[in-house]
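Undergrad: My questions will all concern the structure given below.
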Amino acid sequence: MNNEYNDLRDAVAKLCANFPGEYWRELDRTMSYPTEFVRELTEAGWLSVLIPEEFGGAGLPLSAAAAVLEEMQAQGCNGGACHAQMYTMGTLLRHGSDAQKQEYLPKIASGELRLQAFGVTEPTSGTDTGALKTTAVLEGDEYVINGQKIWTSRAEHSDLMLLLARTTPLTSEMKKTHGLSVILVDMRDAVGNGITIKPIRTMMNHATTEVFFDNLRVPVKNLIGDEGKGFRYILSGMNAERILIAAECIGDAKWFNNKSVAYAKDRSVFGRAIGQNQGIQFPIAKAYANMRAAELMVQEAIRLYEAGENPGAEANMAKMLAADASFEAANVCIQTHGGFGFAAEYDVERKFRESRLFQVAPISTNLILSYLAEHVLGLPRSY
Ligand SMILES: Cc1cc2nc3c(=O)[nH]c(=O)nc-3n(C[C@H](O)[C@H](O)[C@H](O)COP(=O)(O)OP(=O)(O)OC[C@H]3O[C@@H](n4cnc5c(N)ncnc54)[C@H](O)[C@@H]3O)c2cc1C
């Protein structure tokens with residue numbers, strides 16, 4: 001990833017320079033959405049790099065999207081405000097009808113429509129997606145949707161939501177991942193009219209929410225692909241999601257490591273730079289080595305993905321190793337900064353809080369480990 005897309009990285013870095021630490025600090029203080037940042041990214045076309053040219057995007061491969069997200073994080077910005085558009089859009093691209101793609105993709109590419117909300121997780125089912133309870137019942141040419149989602153990030157800042165709901169009641173003979181469907185919900189007229197959104201205050205500024213559906217009516221033409229195959233469609237987008245989040249974590253790790261090195265050279269205690277002490281050098285060097293190792297796994301996952309393979313194991317390992325590398329680098333960065341690591345004006349504590357998320361979302365470390373144990377190592381299924 002290091003030497004690829006240099007022009008693209010330079011352009012992203014230039015855009016990010018308009019959004020320095022003070023910008024993010026103020027948003028963090030007021031828990032506000034980075035509207036201007038997302039607008040500039042959209043207008044520059046960076047959020048539509050994966051949309052094919054015929055629909056108004058750049059038609060670039062996953063590696064380009066990974067480079068965009070990594071660079072954003074490495075510059076100290078936060079792609080969490082908009083990264084979902086990159087991978088939710090893939091579900092529409094791969095499984096949507098021609099009419100759906102014609103209707104939505106050009107508008108998503110131009111920024112006229114935002115597809116930032118992804119409604120999968122529910123309060124009672126959690127990681128056990130097949131146990132979700134939100135229902136979509138067909139009545140004439142409409143689905144009537146009832147239920148609740150949780151952690152639906154950016155719902156207040158999105159026009160569309162990709163929703164996973166149960167369209168066939170679960171019976172004891174059925175696999176619980178069957179009978180789920182993906183529906184594209186246009187939220188523009190639905191809020192207050194079938195949809196209620198409640199923000200959740202979290203340890204970092206992430207614009208995440210609870211969404212309640214109360215007899216929301218959605219035209220059946222908004223069903224993506226075949227009814228009942230929604231879980232499979234969501235799964236098919238997971239590799240891209242994991243890889244892109246891993247790239248963001250690599251960007252974060254680079255930001256932390258650069259920040260640690262700069263401070264260790266600059267800060268003088270006992271008459272010499274703290275970076276002269278091996279007790280300060282070694283943790284930074286180790287965090288750097290772990291970041292580079294994780295970066296190689298991200299590159300390998302991208303290589304396989306772009307060769308048309310199904311790199312489930314590599315995408316999961318990349319996400320786990322990169323999330324670990326960024327959190328290690330974050331922790332070392334706080335330690336290197338001593339007390340100043342806790343001062344908001346250094347941005348380290350904010351990025352530290354932000355990087356903690358990736359141990360849990362979009363998939364938690366335990367679930368990655370159990371995937372590897374079962375599907376790669378052949379150990380018995382644990383749940
Ligand atoms: C800020 C934020 C933003 C998010 N954005 C979105 C979004 O936009 N859309 C969306 O759909 N979801 C979103 N999520 C949800 C996220 O994907 C889930 O939080 C995550 O998948 C974990 O689910 P859970 O919180 O229900 O944890 P639970 O499933 O309740 O699990 C709790 C803990 O138990 C562990 N655990 C559970 N089962 C097992 C097992 N069998 N073996 C070992 N350990 C186990 C988990 O690893 C976890 O550590 C977001 C979450 C957060 C915090």
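Identifiers in the structure tokens: chain A, B, ... in order shown; residue index from 1 per chain; ligand index from 1 in order shown.
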Write out as JSON lines the residues of chain A that have any atom within 9 Å of an atom of ligand 1, one row each with the nearest atom pair and its distance in Å to one decimal, counting only C-alpha atoms and all ligand atoms, sorted by chain and then rising number.
TA:
{"residue": "A:Gly80", "atom": "CA", "partner": "ligand 1", "partner_atom_place_in_ligand_line": "3 (C)", "distance": 8.7}
{"residue": "A:Ala84", "atom": "CA", "partner": "ligand 1", "partner_atom_place_in_ligand_line": "8 (O)", "distance": 7.5}
{"residue": "A:Gln116", "atom": "CA", "partner": "ligand 1", "partner_atom_place_in_ligand_line": "8 (O)", "distance": 8.1}
{"residue": "A:Ala117", "atom": "CA", "partner": "ligand 1", "partner_atom_place_in_ligand_line": "8 (O)", "distance": 5.9}
{"residue": "A:Phe118", "atom": "CA", "partner": "ligand 1", "partner_atom_place_in_ligand_line": "9 (N)", "distance": 4.7}
{"residue": "A:Gly119", "atom": "CA", "partner": "ligand 1", "partner_atom_place_in_ligand_line": "11 (O)", "distance": 4.5}
{"residue": "A:Val120", "atom": "CA", "partner": "ligand 1", "partner_atom_place_in_ligand_line": "11 (O)", "distance": 3.5}
{"residue": "A:Thr121", "atom": "CA", "partner": "ligand 1", "partner_atom_place_in_ligand_line": "11 (O)", "distance": 3.8}
{"residue": "A:Glu122", "atom": "CA", "partner": "ligand 1", "partner_atom_place_in_ligand_line": "26 (O)", "distance": 7.0}
{"residue": "A:Pro123", "atom": "CA", "partner": "ligand 1", "partner_atom_place_in_ligand_line": "26 (O)", "distance": 6.4}
{"residue": "A:Thr124", "atom": "CA", "partner": "ligand 1", "partner_atom_place_in_ligand_line": "26 (O)", "distance": 7.5}
{"residue": "A:Ser125", "atom": "CA", "partner": "ligand 1", "partner_atom_place_in_ligand_line": "26 (O)", "distance": 6.5}
{"residue": "A:Gly126", "atom": "CA", "partner": "ligand 1", "partner_atom_place_in_ligand_line": "26 (O)", "distance": 2.9}
{"residue": "A:Thr127", "atom": "CA", "partner": "ligand 1", "partner_atom_place_in_ligand_line": "29 (O)", "distance": 3.7}
{"residue": "A:Asp128", "atom": "CA", "partner": "ligand 1", "partner_atom_place_in_ligand_line": "29 (O)", "distance": 6.3}
{"residue": "A:Thr129", "atom": "CA", "partner": "ligand 1", "partner_atom_place_in_ligand_line": "29 (O)", "distance": 8.8}
{"residue": "A:Lys149", "atom": "CA", "partner": "ligand 1", "partner_atom_place_in_ligand_line": "11 (O)", "distance": 7.3}
{"residue": "A:Ile150", "atom": "CA", "partner": "ligand 1", "partner_atom_place_in_ligand_line": "12 (N)", "distance": 6.7}
{"residue": "A:Trp151", "atom": "CA", "partner": "ligand 1", "partner_atom_place_in_ligand_line": "13 (C)", "distance": 4.5}
{"residue": "A:Thr152", "atom": "CA", "partner": "ligand 1", "partner_atom_place_in_ligand_line": "8 (O)", "distance": 4.1}
{"residue": "A:Ser153", "atom": "CA", "partner": "ligand 1", "partner_atom_place_in_ligand_line": "8 (O)", "distance": 3.9}
{"residue": "A:Arg154", "atom": "CA", "partner": "ligand 1", "partner_atom_place_in_ligand_line": "8 (O)", "distance": 7.0}
{"residue": "A:Ala155", "atom": "CA", "partner": "ligand 1", "partner_atom_place_in_ligand_line": "8 (O)", "distance": 8.1}
{"residue": "A:Leu163", "atom": "CA", "partner": "ligand 1", "partner_atom_place_in_ligand_line": "11 (O)", "distance": 8.6}
{"residue": "A:Leu164", "atom": "CA", "partner": "ligand 1", "partner_atom_place_in_ligand_line": "11 (O)", "distance": 8.6}
{"residue": "A:Ile200", "atom": "CA", "partner": "ligand 1", "partner_atom_place_in_ligand_line": "1 (C)", "distance": 8.8}
{"residue": "A:Thr202", "atom": "CA", "partner": "ligand 1", "partner_atom_place_in_ligand_line": "1 (C)", "distance": 6.9}
{"residue": "A:Met203", "atom": "CA", "partner": "ligand 1", "partner_atom_place_in_ligand_line": "1 (C)", "distance": 8.5}
{"residue": "A:Met204", "atom": "CA", "partner": "ligand 1", "partner_atom_place_in_ligand_line": "1 (C)", "distance": 7.8}
{"residue": "A:Asn205", "atom": "CA", "partner": "ligand 1", "partner_atom_place_in_ligand_line": "1 (C)", "distance": 8.4}
{"residue": "A:His206", "atom": "CA", "partner": "ligand 1", "partner_atom_place_in_ligand_line": "1 (C)", "distance": 5.9}
{"residue": "A:Ala207", "atom": "CA", "partner": "ligand 1", "partner_atom_place_in_ligand_line": "1 (C)", "distance": 7.9}
{"residue": "A:Thr208", "atom": "CA", "partner": "ligand 1", "partner_atom_place_in_ligand_line": "3 (C)", "distance": 5.8}
{"residue": "A:Thr209", "atom": "CA", "partner": "ligand 1", "partner_atom_place_in_ligand_line": "3 (C)", "distance": 8.3}
{"residue": "A:Glu354", "atom": "CA", "partner": "ligand 1", "partner_atom_place_in_ligand_line": "1 (C)", "distance": 9.0}
{"residue": "A:Leu357", "atom": "CA", "partner": "ligand 1", "partner_atom_place_in_ligand_line": "53 (C)", "distance": 6.4}
{"residue": "A:Phe358", "atom": "CA", "partner": "ligand 1", "partner_atom_place_in_ligand_line": "53 (C)", "distance": 8.7}
{"residue": "A:Gln359", "atom": "CA", "partner": "ligand 1", "partner_atom_place_in_ligand_line": "49 (O)", "distance": 8.4}
{"residue": "A:Val360", "atom": "CA", "partner": "ligand 1", "partner_atom_place_in_ligand_line": "20 (C)", "distance": 5.6}
{"residue": "A:Ala361", "atom": "CA", "partner": "ligand 1", "partner_atom_place_in_ligand_line": "16 (C)", "distance": 4.4}
{"residue": "A:Pro362", "atom": "CA", "partner": "ligand 1", "partner_atom_place_in_ligand_line": "17 (O)", "distance": 3.9}
{"residue": "A:Ile363", "atom": "CA", "partner": "ligand 1", "partner_atom_place_in_ligand_line": "21 (O)", "distance": 4.5}
{"residue": "A:Ser364", "atom": "CA", "partner": "ligand 1", "partner_atom_place_in_ligand_line": "47 (O)", "distance": 4.6}
{"residue": "A:Thr365", "atom": "CA", "partner": "ligand 1", "partner_atom_place_in_ligand_line": "47 (O)", "distance": 6.0}
{"residue": "A:Asn366", "atom": "CA", "partner": "ligand 1", "partner_atom_place_in_ligand_line": "47 (O)", "distance": 4.5}
{"residue": "A:Leu367", "atom": "CA", "partner": "ligand 1", "partner_atom_place_in_ligand_line": "47 (O)", "distance": 5.5}
{"residue": "A:Ile368", "atom": "CA", "partner": "ligand 1", "partner_atom_place_in_ligand_line": "47 (O)", "distance": 8.5}
{"residue": "A:Leu369", "atom": "CA", "partner": "ligand 1", "partner_atom_place_in_ligand_line": "43 (C)", "distance": 8.4}
{"residue": "A:Ser370", "atom": "CA", "partner": "ligand 1", "partner_atom_place_in_ligand_line": "42 (N)", "distance": 6.9}
{"residue": "A:Ser382", "atom": "CA", "partner": "ligand 1", "partner_atom_place_in_ligand_line": "41 (N)", "distance": 6.5}
{"residue": "A:Tyr383", "atom": "CA", "partner": "ligand 1", "partner_atom_place_in_ligand_line": "41 (N)", "distance": 4.9}
Undergrad: Looking only at strand (DSSP E or B) from DSSP on the backbone, list the matching residues of stretch 135-367 of chain A as a short mmCIF file (atom, residue, chain, number, x, y, z; two decimals) with N, CA and C atoms, in the first residue's frame.
TA:
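After the write, part_9.cif holds the following:
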data_model
loop_
_atom_site.label_atom_id
_atom_site.label_comp_id
_atom_site.auth_asym_id
_atom_site.auth_seq_id
_atom_site.Cartn_x
_atom_site.Cartn_y
_atom_site.Cartn_z
N THR A 135 -39.45 -6.96 11.11
CA THR A 135 -40.15 -7.67 10.04
C THR A 135 -40.55 -6.73 8.92
N ALA A 136 -40.60 -7.29 7.71
CA ALA A 136 -41.12 -6.58 6.55
C ALA A 136 -42.19 -7.49 5.96
N VAL A 137 -43.45 -7.07 6.08
CA VAL A 137 -44.56 -7.92 5.65
C VAL A 137 -45.16 -7.32 4.38
N LEU A 138 -45.29 -8.18 3.36
CA LEU A 138 -45.79 -7.70 2.07
C LEU A 138 -47.29 -7.45 2.14
N GLU A 139 -47.71 -6.25 1.77
CA GLU A 139 -49.15 -5.92 1.67
C GLU A 139 -49.33 -5.22 0.35
N GLU A 142 -46.43 -3.08 -1.30
CA GLU A 142 -45.57 -2.43 -0.31
C GLU A 142 -45.15 -3.41 0.79
N TYR A 143 -43.98 -3.16 1.36
CA TYR A 143 -43.60 -3.85 2.60
C TYR A 143 -43.99 -2.96 3.76
N VAL A 144 -44.56 -3.60 4.81
CA VAL A 144 -44.86 -2.84 6.02
C VAL A 144 -43.82 -3.28 7.06
N ILE A 145 -43.02 -2.30 7.50
CA ILE A 145 -41.84 -2.64 8.33
C ILE A 145 -42.08 -2.23 9.78
N ASN A 146 -41.81 -3.18 10.68
CA ASN A 146 -41.93 -2.92 12.12
C ASN A 146 -40.72 -3.51 12.83
N GLY A 147 -40.23 -2.79 13.84
CA GLY A 147 -39.11 -3.32 14.62
C GLY A 147 -38.16 -2.22 15.04
N GLN A 148 -36.94 -2.65 15.41
CA GLN A 148 -35.97 -1.68 15.91
C GLN A 148 -34.55 -2.08 15.54
N LYS A 149 -33.77 -1.11 15.14
CA LYS A 149 -32.33 -1.32 14.92
C LYS A 149 -31.57 -0.51 15.97
N ILE A 150 -30.34 -0.94 16.22
CA ILE A 150 -29.50 -0.16 17.14
C ILE A 150 -28.12 0.01 16.50
N LEU A 160 -30.66 7.41 2.45
CA LEU A 160 -31.06 6.02 2.23
C LEU A 160 -30.49 5.13 3.32
N MET A 161 -31.22 4.06 3.60
CA MET A 161 -30.69 3.05 4.53
C MET A 161 -30.81 1.68 3.87
N LEU A 162 -29.75 0.92 3.98
CA LEU A 162 -29.79 -0.47 3.55
C LEU A 162 -30.22 -1.27 4.77
N LEU A 163 -31.42 -1.85 4.69
CA LEU A 163 -32.03 -2.48 5.86
C LEU A 163 -32.09 -3.99 5.69
N LEU A 164 -31.73 -4.72 6.75
CA LEU A 164 -31.92 -6.18 6.74
C LEU A 164 -33.10 -6.49 7.65
N ALA A 165 -34.14 -7.13 7.08
CA ALA A 165 -35.36 -7.41 7.86
C ALA A 165 -35.85 -8.81 7.52
N ARG A 166 -36.66 -9.35 8.43
CA ARG A 166 -37.20 -10.70 8.20
C ARG A 166 -38.46 -10.62 7.36
N LEU A 180 -34.42 -13.69 5.40
CA LEU A 180 -34.09 -12.27 5.64
C LEU A 180 -33.92 -11.58 4.28
N SER A 181 -34.31 -10.32 4.21
CA SER A 181 -34.21 -9.62 2.93
C SER A 181 -33.58 -8.25 3.12
N VAL A 182 -32.92 -7.79 2.04
CA VAL A 182 -32.32 -6.44 2.06
C VAL A 182 -33.27 -5.49 1.33
N ILE A 183 -33.63 -4.41 2.00
CA ILE A 183 -34.55 -3.43 1.43
C ILE A 183 -33.89 -2.06 1.51
N LEU A 184 -33.98 -1.33 0.41
CA LEU A 184 -33.42 0.02 0.39
C LEU A 184 -34.52 0.98 0.86
N VAL A 185 -34.29 1.59 2.01
CA VAL A 185 -35.32 2.46 2.59
C VAL A 185 -34.95 3.91 2.30
N ASP A 186 -35.89 4.60 1.67
CA ASP A 186 -35.70 6.03 1.44
C ASP A 186 -36.19 6.75 2.69
N VAL A 191 -38.91 9.81 8.05
CA VAL A 191 -38.63 10.21 9.44
C VAL A 191 -39.84 10.99 9.97
N ILE A 195 -40.63 6.16 10.75
CA ILE A 195 -39.28 5.99 11.30
C ILE A 195 -39.04 7.04 12.38
N THR A 196 -38.50 6.59 13.53
CA THR A 196 -38.05 7.53 14.56
C THR A 196 -36.58 7.24 14.82
N ILE A 197 -35.78 8.29 14.83
CA ILE A 197 -34.34 8.11 15.05
C ILE A 197 -33.96 8.75 16.38
N LYS A 198 -33.25 7.97 17.22
CA LYS A 198 -32.79 8.52 18.50
C LYS A 198 -31.27 8.40 18.58
N PRO A 199 -30.58 9.54 18.68
CA PRO A 199 -29.11 9.47 18.77
C PRO A 199 -28.65 8.76 20.05
N THR A 209 -27.04 5.82 16.17
CA THR A 209 -28.44 6.02 16.60
C THR A 209 -29.19 4.69 16.84
N GLU A 210 -30.37 4.85 17.43
CA GLU A 210 -31.37 3.78 17.43
C GLU A 210 -32.43 4.18 16.41
N VAL A 211 -32.93 3.22 15.66
CA VAL A 211 -33.98 3.53 14.68
C VAL A 211 -35.19 2.64 14.95
N PHE A 212 -36.34 3.27 15.08
CA PHE A 212 -37.58 2.53 15.35
C PHE A 212 -38.47 2.57 14.10
N PHE A 213 -39.00 1.42 13.74
CA PHE A 213 -39.89 1.33 12.58
C PHE A 213 -41.30 1.02 13.07
N ASP A 214 -42.23 1.87 12.69
CA ASP A 214 -43.60 1.68 13.13
C ASP A 214 -44.51 1.75 11.90
N ASN A 215 -44.85 0.58 11.36
CA ASN A 215 -45.67 0.49 10.14
C ASN A 215 -45.14 1.36 9.01
N LEU A 216 -43.82 1.32 8.84
CA LEU A 216 -43.22 2.06 7.72
C LEU A 216 -43.55 1.33 6.42
N ARG A 217 -44.03 2.08 5.44
CA ARG A 217 -44.39 1.47 4.15
C ARG A 217 -43.31 1.78 3.12
N VAL A 218 -42.79 0.71 2.51
CA VAL A 218 -41.73 0.86 1.50
C VAL A 218 -42.16 0.10 0.25
N PRO A 219 -42.09 0.72 -0.92
CA PRO A 219 -42.51 0.01 -2.14
C PRO A 219 -41.70 -1.26 -2.37
N LEU A 223 -36.92 -3.74 -2.85
CA LEU A 223 -36.26 -4.99 -2.43
C LEU A 223 -35.02 -5.17 -3.28
N ILE A 224 -33.88 -5.46 -2.64
CA ILE A 224 -32.64 -5.70 -3.39
C ILE A 224 -32.52 -7.21 -3.63
N LYS A 229 -32.98 -13.82 0.53
CA LYS A 229 -31.53 -14.09 0.37
C LYS A 229 -30.67 -12.96 0.94
N SER A 268 11.92 17.32 25.77
CA SER A 268 13.18 17.14 26.49
C SER A 268 12.91 17.07 27.99
N VAL A 269 13.39 15.98 28.62
CA VAL A 269 13.26 15.81 30.07
C VAL A 269 14.62 15.28 30.58
N ARG A 272 17.53 15.86 27.98
CA ARG A 272 17.68 15.20 26.67
C ARG A 272 16.31 14.77 26.15
N ALA A 273 16.28 14.51 24.84
CA ALA A 273 15.01 14.12 24.22
C ALA A 273 14.53 12.81 24.86
#
Undergrad: Tell me, in Å to one decimal, how far atom CA of A:Phe352 is from atom CA of A:Val298.
TA: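 Atom CA of A:Phe352 sits 21.3 Å away from atom CA of A:Val298.
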Undergrad: Name the residues in contact with stretch 96-99 of chain A at a cut-off of 12 Å, using only C-alpha atoms, excluding same-chain residues fewer than 5 positions from it; report them as an MDAnalysis selection string.
TA: chainID A and resid 54:55 88:91 104:106 162 182:184 221:227 230 233
Undergrad: Mind pulling up the distance from atom CA of A:Gln281 to atom CA of A:Ala329?
TA: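 These two atoms are separated by 12.4 Å.
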Undergrad: For A:Thr42, which of A:Glu112, A:Asp28, A:Glu22, A:Glu71 is the closest residue, counting only C-alpha atoms?
TA: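 Among the listed residues, A:Glu112 lies closest to A:Thr42.
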Undergrad: Using only C-alpha atoms, which residue out of A:Asn6, A:Cys82, A:Ala323, A:Leu27 lies closest to A:Leu41?
TA: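 The closest residue to A:Leu41 is A:Cys82.
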Undergrad: Among stretch 123-190 of chain A, which residues does DSSP mark as helix (DSSP H, G or I) when it is run on the backbone? Keep the chain and numbering as in the structure and answer as a list in words.
TA: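 Going through stretch 123-190 of chain A, the helix (DSSP H, G or I) residues come out as Thr129, Gly130, Ala131, Ala155, Glu156 and His157 of chain A.
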